[in-house]
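final03.cif (mmCIF, C-alpha atoms) appears below.
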```
data_final
loop_
_atom_site.label_atom_id
_atom_site.label_comp_id
_atom_site.auth_asym_id
_atom_site.auth_seq_id
_atom_site.Cartn_x
_atom_site.Cartn_y
_atom_site.Cartn_z
CA MET Q 1 0.00 0.00 0.00
CA SER Q 2 2.78 2.40 0.89
CA GLY Q 3 4.45 1.62 -2.43
CA LEU Q 4 1.22 2.46 -4.25
CA LEU Q 5 0.94 5.74 -2.36
CA LYS Q 6 4.48 6.60 -3.37
CA ILE Q 7 3.34 6.34 -6.99
CA ILE Q 8 -0.12 7.94 -6.68
CA VAL Q 9 0.86 11.00 -4.62
CA PRO Q 10 3.57 12.21 -7.01
CA LEU Q 11 1.22 11.61 -9.94
CA VAL Q 12 -1.53 13.66 -8.28
CA VAL Q 13 0.90 16.45 -7.46
CA LEU Q 14 2.30 16.37 -10.99
CA GLY Q 15 -1.20 16.38 -12.48
CA TYR Q 16 -2.28 19.32 -10.34
CA PHE Q 17 0.87 21.28 -11.16
CA SER Q 18 0.52 20.56 -14.89
CA SER Q 19 -3.13 21.62 -14.81
CA TRP Q 20 -2.17 24.82 -13.01
CA LEU Q 21 0.49 25.60 -15.62
CA ILE Q 22 -2.12 25.26 -18.37
CA THR Q 23 -5.13 26.92 -16.75
CA ARG Q 24 -3.33 29.86 -15.11
CA PRO Q 25 -2.29 31.51 -18.42
CA LEU Q 26 -5.76 30.83 -19.81
CA GLU Q 27 -7.34 32.55 -16.79
CA ARG Q 28 -5.09 35.59 -17.34
CA ILE Q 29 -6.04 35.68 -21.02
CA ALA Q 30 -9.75 35.49 -20.15
CA ALA Q 31 -9.38 38.27 -17.55
CA ALA Q 32 -7.50 40.47 -20.04
CA ALA Q 33 -10.17 39.86 -22.69
CA GLU Q 34 -12.87 41.04 -20.26
CA ARG Q 35 -10.91 44.19 -19.29
CA GLU Q 36 -9.70 45.34 -22.66
CA SER Q 37 -11.52 47.24 -25.39
CA VAL Q 38 -10.26 47.40 -28.96
CA LEU Q 39 -11.51 51.01 -29.15
CA ASP Q 40 -9.10 52.34 -26.52
CA GLU Q 41 -6.67 53.62 -29.19
CA THR Q 42 -3.83 52.16 -27.12
CA TRP Q 43 -1.47 49.70 -28.70
CA ALA Q 44 -0.32 47.73 -25.67
CA GLU Q 45 -0.66 43.98 -25.99
CA PRO Q 46 -3.00 42.86 -23.18
CA PHE Q 47 -2.45 39.11 -23.53
CA ASP Q 48 0.75 37.88 -21.86
CA VAL Q 49 2.78 35.58 -24.10
CA GLU Q 50 3.85 32.92 -21.63
CA GLY Q 51 3.17 29.33 -20.67
CA ALA Q 52 3.13 26.30 -22.92
CA SER Q 53 3.80 26.74 -26.63
CA GLU Q 54 0.11 26.37 -27.47
CA ILE Q 55 -0.81 29.06 -24.92
CA ARG Q 56 1.89 31.40 -26.29
CA SER Q 57 0.59 30.80 -29.81
CA LEU Q 58 -2.96 31.62 -28.67
CA ALA Q 59 -1.82 34.82 -26.94
CA ASN Q 60 0.14 35.93 -30.02
CA SER Q 61 -2.86 35.28 -32.26
CA LEU Q 62 -5.19 37.22 -29.95
CA ASN Q 63 -2.77 40.16 -29.78
CA LEU Q 64 -2.48 40.19 -33.57
CA MET Q 65 -6.25 40.01 -34.01
CA ARG Q 66 -6.77 42.82 -31.52
CA ALA Q 67 -4.22 45.03 -33.26
CA ARG Q 68 -5.88 44.49 -36.64
CA ILE Q 69 -9.36 45.25 -35.29
CA GLN Q 70 -8.03 48.28 -33.46
CA HIS Q 71 -6.33 49.65 -36.58
CA MET Q 72 -9.53 49.15 -38.56
CA ALA Q 73 -11.70 50.81 -35.90
CA VAL Q 74 -9.34 53.79 -35.54
CA ASP Q 75 -9.06 54.28 -39.31
CA ARG Q 76 -12.83 54.27 -39.72
CA THR Q 77 -13.24 56.64 -36.78
CA ARG Q 78 -10.77 59.08 -38.38
CA VAL Q 79 -12.67 58.95 -41.67
CA LEU Q 80 -15.98 59.62 -39.90
CA ARG Q 81 -14.43 62.51 -37.98
CA ALA Q 82 -13.09 64.03 -41.20
CA VAL Q 83 -16.41 63.64 -43.02
CA SER Q 84 -18.40 65.10 -40.13
CA HIS Q 85 -15.99 68.02 -39.85
CA ASP Q 86 -15.95 68.75 -43.61
CA LEU Q 87 -19.76 68.82 -43.78
CA ARG Q 88 -19.79 72.01 -41.72
CA THR Q 89 -18.59 74.20 -44.62
CA PRO Q 90 -21.38 73.38 -47.11
CA LEU Q 91 -23.93 73.56 -44.29
CA THR Q 92 -22.74 77.07 -43.44
CA ARG Q 93 -23.11 78.10 -47.09
CA LEU Q 94 -26.62 76.60 -47.18
CA ARG Q 95 -27.59 78.51 -44.07
CA MET Q 96 -26.36 81.82 -45.50
CA ARG Q 97 -28.27 81.24 -48.74
CA ALA Q 98 -31.42 80.11 -46.94
CA GLU Q 99 -31.41 83.23 -44.76
CA ARG Q 100 -31.64 85.35 -47.92
CA PHE Q 101 -34.63 83.40 -49.21
CA GLU Q 102 -37.69 85.63 -49.63
CA GLN Q 103 -40.49 83.21 -48.72
CA SER Q 104 -40.50 83.28 -44.94
CA ASP Q 105 -42.35 79.98 -44.38
CA LEU Q 106 -40.07 78.03 -46.70
CA ARG Q 107 -37.00 79.82 -45.29
CA ASP Q 108 -37.90 78.79 -41.74
CA LEU Q 109 -38.36 75.17 -42.80
CA MET Q 110 -35.00 75.16 -44.59
CA LEU Q 111 -33.21 76.74 -41.63
CA ARG Q 112 -34.81 74.21 -39.28
CA ASP Q 113 -33.54 71.31 -41.40
CA ILE Q 114 -30.08 72.86 -41.59
CA SER Q 115 -30.03 73.27 -37.81
CA THR Q 116 -31.03 69.62 -37.40
CA LEU Q 117 -28.21 68.50 -39.71
CA ALA Q 118 -25.72 70.68 -37.84
CA ALA Q 119 -26.86 69.22 -34.52
CA MET Q 120 -26.45 65.68 -35.88
CA ILE Q 121 -22.89 66.49 -36.98
CA ASP Q 122 -22.07 67.96 -33.56
CA GLU Q 123 -23.53 64.85 -31.91
CA SER Q 124 -21.41 62.56 -34.10
CA LEU Q 125 -18.22 64.50 -33.41
CA ALA Q 126 -18.92 64.49 -29.67
CA PHE Q 127 -19.36 60.70 -29.79
CA LEU Q 128 -16.21 60.13 -31.84
CA ASN Q 129 -13.92 62.55 -30.00
CA ASN Q 130 -12.48 61.14 -26.79
CA THR Q 131 -10.27 64.01 -25.65
CA PRO Q 132 -9.12 63.55 -22.05
CA GLU Q 133 -10.18 66.23 -19.58
CA GLU Q 134 -8.64 67.11 -16.23
CA SER Q 135 -10.89 66.87 -13.19
CA ARG Q 136 -11.11 70.00 -11.05
CA LYS Q 137 -13.17 71.61 -8.32
CA VAL Q 138 -16.31 73.40 -9.56
CA ASP Q 139 -19.59 74.71 -8.17
CA LEU Q 140 -22.10 72.21 -9.58
CA SER Q 141 -25.05 74.40 -8.61
CA SER Q 142 -23.72 77.28 -10.68
CA LEU Q 143 -22.86 74.95 -13.57
CA ILE Q 144 -26.38 73.47 -13.67
CA GLN Q 145 -28.05 76.87 -13.33
CA THR Q 146 -26.04 78.03 -16.35
CA ILE Q 147 -27.37 75.06 -18.32
CA CYS Q 148 -30.92 75.94 -17.25
CA SER Q 149 -30.43 79.56 -18.35
CA ASP Q 150 -29.09 78.50 -21.74
CA PHE Q 151 -32.13 76.32 -22.45
CA THR Q 152 -34.54 78.90 -21.04
CA ASP Q 153 -33.11 81.49 -23.44
CA THR Q 154 -34.08 79.21 -26.36
CA GLY Q 155 -37.70 78.94 -25.20
CA HIS Q 156 -37.64 75.79 -23.05
CA HIS Q 157 -39.04 75.55 -19.52
CA VAL Q 158 -36.08 74.21 -17.52
CA VAL Q 159 -35.77 74.81 -13.76
CA PHE Q 160 -33.16 73.98 -11.13
CA GLU Q 161 -33.82 72.54 -7.68
CA GLY Q 162 -30.92 72.16 -5.28
CA PRO Q 163 -28.51 73.93 -2.94
CA ARG Q 164 -27.24 77.41 -3.77
CA ARG Q 165 -23.67 76.09 -3.73
CA GLN Q 166 -22.34 72.55 -4.16
CA VAL Q 167 -18.57 72.28 -4.58
CA PHE Q 168 -17.51 69.04 -6.25
CA VAL Q 169 -14.48 67.64 -8.07
CA CYS Q 170 -15.42 66.51 -11.58
CA LYS Q 171 -14.70 67.01 -15.28
CA PRO Q 172 -16.88 70.08 -15.86
CA GLN Q 173 -17.02 70.00 -19.66
CA GLY Q 174 -18.04 66.36 -19.61
CA ILE Q 175 -20.70 66.89 -16.94
CA THR Q 176 -22.04 69.91 -18.82
CA ARG Q 177 -22.34 67.85 -22.00
CA ALA Q 178 -23.95 64.93 -20.15
CA ILE Q 179 -26.63 67.08 -18.47
CA SER Q 180 -27.21 69.13 -21.63
CA ASN Q 181 -27.79 65.93 -23.62
CA LEU Q 182 -30.40 64.80 -21.10
CA VAL Q 183 -32.16 68.18 -21.03
CA SER Q 184 -32.12 68.44 -24.82
CA ASN Q 185 -33.64 64.98 -25.11
CA SER Q 186 -36.34 65.73 -22.53
CA ALA Q 187 -37.15 69.14 -24.02
CA ARG Q 188 -38.18 67.47 -27.30
CA TYR Q 189 -40.97 65.54 -25.62
CA ALA Q 190 -41.92 67.48 -22.49
CA GLU Q 191 -43.27 70.89 -21.55
CA LYS Q 192 -41.21 71.14 -18.37
CA VAL Q 193 -37.80 69.81 -17.37
CA THR Q 194 -36.43 69.90 -13.81
CA ILE Q 195 -32.79 69.37 -12.86
CA GLU Q 196 -32.37 68.30 -9.25
CA LEU Q 197 -29.04 68.30 -7.40
CA GLU Q 198 -28.55 66.72 -4.00
CA PRO Q 199 -25.49 65.65 -1.97
CA MET Q 200 -24.98 61.98 -1.18
CA ALA Q 201 -23.21 60.19 1.63
CA ALA Q 202 -19.41 60.02 1.56
CA GLY Q 203 -19.11 63.17 -0.55
CA GLY Q 204 -20.89 62.07 -3.73
CA VAL Q 205 -23.71 63.87 -5.54
CA ARG Q 206 -26.92 62.85 -7.29
CA ILE Q 207 -28.26 64.71 -10.35
CA ILE Q 208 -31.78 63.92 -11.60
CA VAL Q 209 -33.20 65.29 -14.85
CA ARG Q 210 -37.00 64.91 -14.74
CA ASP Q 211 -39.52 65.63 -17.47
CA ASN Q 212 -43.31 65.40 -17.78
CA GLY Q 213 -43.28 63.81 -21.24
CA PRO Q 214 -44.69 60.43 -22.32
CA GLY Q 215 -41.80 58.45 -20.81
CA LEU Q 216 -40.36 55.14 -22.01
CA SER Q 217 -41.19 51.48 -21.54
CA ASP Q 218 -38.87 49.32 -19.45
CA ASP Q 219 -37.52 47.65 -22.60
CA LEU Q 220 -36.73 50.98 -24.25
CA LYS Q 221 -35.05 52.25 -21.07
CA ARG Q 222 -32.53 49.43 -21.46
CA ARG Q 223 -31.99 50.05 -25.18
CA VAL Q 224 -31.82 53.84 -25.56
CA ALA Q 225 -28.27 53.96 -24.15
CA GLU Q 226 -27.07 51.83 -27.09
CA PRO Q 227 -25.32 53.86 -29.84
CA PHE Q 228 -27.52 54.75 -32.84
CA PHE Q 229 -30.71 53.42 -31.23
CA LYS Q 230 -33.55 55.93 -31.46
CA ALA Q 231 -36.76 55.70 -29.47
CA ASP Q 232 -38.53 58.66 -31.11
CA GLU Q 233 -41.43 56.44 -32.18
CA ALA Q 234 -42.06 55.69 -28.50
CA ARG Q 235 -42.54 59.38 -27.61
CA GLN Q 236 -44.86 60.41 -30.42
CA SER Q 237 -45.92 63.65 -28.82
CA GLY Q 238 -42.42 65.02 -29.05
CA LYS Q 239 -41.43 68.12 -30.94
CA ALA Q 240 -39.56 68.10 -34.21
CA GLY Q 241 -35.90 67.32 -33.95
CA GLY Q 242 -33.73 64.29 -33.56
CA GLY Q 243 -30.27 62.99 -34.15
CA PHE Q 244 -28.31 59.82 -34.60
CA GLY Q 245 -29.24 58.41 -31.20
CA LEU Q 246 -25.90 59.24 -29.59
CA GLY Q 247 -26.91 61.66 -26.83
CA LEU Q 248 -27.63 59.05 -24.14
CA PRO Q 249 -24.63 56.82 -25.02
CA ILE Q 250 -22.38 59.89 -24.71
CA THR Q 251 -23.94 60.73 -21.34
CA LYS Q 252 -23.57 57.14 -20.12
CA GLY Q 253 -19.90 57.09 -21.14
CA ILE Q 254 -19.15 60.41 -19.43
CA VAL Q 255 -20.80 59.30 -16.19
CA GLU Q 256 -19.65 55.69 -15.98
CA LYS Q 257 -16.26 55.72 -17.68
CA GLY Q 258 -15.25 59.32 -17.04
CA HIS Q 259 -16.46 59.59 -13.45
CA ASN Q 260 -16.90 56.01 -12.17
CA GLY Q 261 -20.55 56.89 -11.57
CA THR Q 262 -23.89 55.28 -12.35
CA PHE Q 263 -26.53 56.27 -14.89
CA LEU Q 264 -30.15 55.07 -14.67
CA LEU Q 265 -33.39 55.81 -16.47
CA LEU Q 266 -36.48 55.56 -14.25
CA ASP Q 267 -40.17 56.43 -14.45
CA ASN Q 268 -41.07 59.89 -13.27
CA LYS Q 269 -44.25 60.36 -11.23
CA PRO Q 270 -46.99 60.92 -12.30
CA THR Q 271 -45.66 60.83 -15.88
CA GLY Q 272 -42.44 61.24 -17.79
CA LEU Q 273 -38.85 60.11 -17.46
CA ALA Q 274 -36.24 60.58 -14.72
CA ALA Q 275 -32.57 60.29 -15.69
CA VAL Q 276 -30.49 59.69 -12.56
CA ILE Q 277 -26.75 60.40 -12.39
CA GLU Q 278 -24.86 59.40 -9.26
CA LEU Q 279 -21.26 60.56 -8.98
CA PRO Q 280 -18.90 59.32 -6.26
CA PRO Q 281 -16.20 61.64 -4.88
CA LEU Q 282 -13.44 61.85 -7.47
CA ASP Q 283 -10.39 62.02 -5.19
CA ALA Q 284 -9.39 58.58 -6.58
CA LEU Q 285 -10.21 59.28 -10.22
CA PRO Q 286 -7.22 59.07 -12.59
CA THR Q 287 -6.84 62.27 -14.58
CA ALA Q 288 -5.60 62.71 -18.14
CA SER Q 289 -2.05 63.19 -16.93
CA GLY Q 290 -2.11 59.93 -14.99
CA ARG Q 291 -2.03 61.44 -11.48
CA ARG Q 292 -4.92 61.29 -9.07
CA ASP Q 293 -6.92 64.34 -8.19
CA GLY Q 294 -8.34 65.29 -4.86
CA PRO Q 295 -10.10 68.34 -3.47
CA SER Q 296 -7.83 71.28 -3.03
CA GLY Q 297 -7.91 73.56 -0.09
#
```
As a first step, turn the structure in this file into structure tokens.
Amino acid sequence: MSGLLKIIVPLVVLGYFSSWLITRPLERIAAAAERESVLDETWAEPFDVEGASEIRSLANSLNLMRARIQHMAVDRTRVLRAVSHDLRTPLTRLRMRAERFEQSDLRDLMLRDISTLAAMIDESLAFLNNTPEESRKVDLSSLIQTICSDFTDTGHHVVFEGPRRQVFVCKPQGITRAISNLVSNSARYAEKVTIELEPMAAGGVRIIVRDNGPGLSDDLKRRVAEPFFKADEARQSGKAGGGFGLGLPITKGIVEKGHNGTFLLLDNKPTGLAAVIELPPLDALPTASGRRDGPSG
């Protein structure tokens, strides 16, 4: 029996060790595949080339495939950026010619269509551009009230509810774009939009954009944050306008990727939609320069 154990125990140990040598690199490859995105525009190889020859061959193949997909995605993104940017010039000429048109009704319709096209181009460029922004201390109350004033000046009923002053560390341009996207979307379908700001525990903040429009079904709430998905047919009473369906995906990216926050779409009571942004304190958020920001004195 002891002689048999002397054979079995080493075999079990050898089998376990061999299995570990095979599965450990595969686990690292699987973890890297879950973390990485081919759209990062970074060229680092995420899959470690180590282990058995078959594992090294797999890692090399995955790295090569990722590089090819990344090159293709970046090239297409550059083309789309160039096309979107170059469309501005003919649109500007069209606007100048339309403004000189004598028939007022037809002129207004033409200018409205030109404005819609310009807004769609701006939306596309905002989605494609991923310029890093430094986080800094701002007064969120003042920032949101400025957004409300801008929309009010264009004829929309947008009000602010919250503290007179709320200092917070964030990326102000990104937050401005995120909230503006939500208000712009709500203003198409609702008569009144309310932006609420409230502090959260541990130094975070909650921003809620409420409207009294027709709202969205639970299924559409899950889908509207997908790029290029448009739910206009679900909110038939909305005003004229529209885009490529990029406003909510941009907002979701700014909140979740840019600020480690959460973004939810909920039902508003008694009717409408409530877009909820929750932002944690950003003292641990990596900035564009790679350092970590914290509140300054």
Which residues, named as in the file, does the PyMOL selection byres ((chain Q and resi 182-188) around 7) pick out? Answer as a list of chain:residue names.
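Residues picked by the PyMOL selection byres ((chain Q and resi 182-188) around 7): Q:His156, Q:Ala178, Q:Ile179, Q:Ser180, Q:Asn181, Q:Tyr189, Q:Ala190, Q:Glu191, Q:Val193, Q:Val209, Q:Asp211, Q:Gly238, Q:Lys239.
Residues matched by the PyMOL selection byres ((chain Q and resi 206) around 6) in this file are Leu197, Glu198, Val205, Ile207, Ile277 and Glu278 of chain Q.
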Go through the shown structure with the PyMOL selection byres ((chain Q and resi 168-174) around 6) and write out the matching residues as an NGL selection string.
:Q and (135-138 or 167 or 175-177 or 282)
Find the residue from Q:Glu133, Q:Ile195, Q:Ser141, Q:Ala98 that sits nearest to Q:Val158; use all atoms listed in the file when measuring.
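For Q:Val158, the nearest of the given residues is Q:Ile195.
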Interatomic distance, atom CA of Q:Arg88 to atom CA of Q:Lys252 (Å, one decimal)
26.5 Å
